[in-house]
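A.B. asks: Okay, here's the structure, questions in a sec.
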Amino acid sequence: MSSDPALPGQILAISREDVSQLPIRRYEGDIHLIATAPDLERAMADIRRESVVGLDTETRPAFTKGESHLPCLVQVGTARAVYLFQLQRVDCSAALTELLQAPGIVKAGIALAHDLRQLKLVFPFAPASVLDLGSIAKRHGIRQSGLRNLAGLFLGFRITKGTRTSNWAAPRLSAGQIRYAATDAWACRELYLCFQELGMLADRVSGAAIDQAQPGSG
């Protein structure tokens, strides 16, 4: 690890070796797979209570040159649960559009500009109150802005990459996939709360935080 006077008292980089020494953490709370209309209604009832959620997406990996896929899973973390929206099992477009356009709910995540560009190919929306934590970290001199490095630096734990390249379009996700996907959304929300406590959002957030994700951010 190394420190930098740009952010007094804060370690600004973490090595792979240091990350490997940290304890592994996984989200241990309630996880709900959204596959039916009633699931969707219950999820949105909880999400509407929030002022900030963790946001992430997963896409089926491409192993052939020129091959690409659209997002098939959207993860939303609240204070009480993480919701996994399986886009190929139920039409979530109206509910997710409501969330993504809600000015009173901060959507906090990593590299969200790319995620939102890809999601717009699935359904149209105009994002509001989107906060890219990687961009915030960079503005404060943090040399690494990926979720796993930031979790190590600020939250003190390691997130495994185990099922990152698995088939996220599968109708039935494995227990490992479900836990992995939920952990990412949960960790994004935890990072937001940590950044808020450290005063790192003061220059970007006032009231209902709005930081539109722009191409190239994160």
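Quick note on naming: the chains in the structure tokens go A, B, ... in the order shown, residues restart at 1 in each chain, and ligands are numbered from 1 in order of appearance.
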Got a sec: who's within 9 Å of Val19 of chain A, counting only C-alpha atoms, leaving out chain neighbours fewer than 5 positions off, as an MDAnalysis selection string?

C.D. replies: chainID A and resid 14 148:149 152:153 156:158

A.B. asks: Please produce an output containing C-alpha atoms for each residue in the selection, written as a JSON list (two decimals), in the first residue's frame.

C.D. replies:
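Output file again_19.json follows:
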[["chain", "number", "residue", "atom", "x", "y", "z"],
["A", 14, "ILE", "CA", -3.69, -1.23, -2.60],
["A", 148, "ARG", "CA", -12.73, -4.76, -5.56],
["A", 149, "ASN", "CA", -9.88, -2.34, -4.94],
["A", 152, "GLY", "CA", -10.34, -3.29, 0.00],
["A", 153, "LEU", "CA", -9.27, 0.30, 0.57],
["A", 156, "GLY", "CA", -11.51, -3.60, 4.51],
["A", 157, "PHE", "CA", -12.64, -6.78, 2.83],
["A", 158, "ARG", "CA", -12.11, -8.80, -0.34]]

A.B. asks: For the structure I just gave you, how does DSSP split chain A - specifically, which residues are strand (DSSP E or B)? Reply as a ChimeraX atom specification.

C.D. replies: /A:2-3,11-13,24,30-34,52-59,71-77,81-86,106-109,130-132,158

A.B. asks: To one decimal place in Å, what is the distance between atom CA of Leu87 of chain A and atom CA of Leu73 of chain A?

C.D. replies: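 That distance, rounded to one decimal, is 5.8 Å.
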
A.B. asks: Please determine, counting only C-alpha atoms, which residue among A:Val53, A:Cys92, A:Leu133, A:Ala128 has the shortest atom-to-atom distance to Ser145 of chain A.

C.D. replies: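 For Ser145 of chain A, the nearest of the given residues is A:Leu133.
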
A.B. asks: What are the closest atom pairs, with distances in Å to one decimal, for each residue of segment 175-200 of chain A lying within 7 Å of segment 98-108 of chain A, using only C-alpha atoms, rows by chain and rising residue number, as a Markdown table?

C.D. replies:
| residue | atom | partner | partner_atom | distance |
| --- | --- | --- | --- | --- |
| A:Cys188 | CA | A:Ala108 | CA | 6.2 |
| A:Arg189 | CA | A:Ala108 | CA | 6.3 |
| A:Tyr192 | CA | A:Ala108 | CA | 6.5 |

A.B. asks: Keeping only C-alpha atoms, write those residues as an mmCIF file, in the first residue's frame.

C.D. replies:
data_model
loop_
_atom_site.group_PDB
_atom_site.id
_atom_site.type_symbol
_atom_site.label_atom_id
_atom_site.label_comp_id
_atom_site.auth_asym_id
_atom_site.auth_seq_id
_atom_site.Cartn_x
_atom_site.Cartn_y
_atom_site.Cartn_z
ATOM 1 C CA CYS A 188 -21.644 -0.331 -4.000
ATOM 2 C CA ARG A 189 -24.191 0.939 -1.496
ATOM 3 C CA TYR A 192 -21.484 5.210 -1.029
#
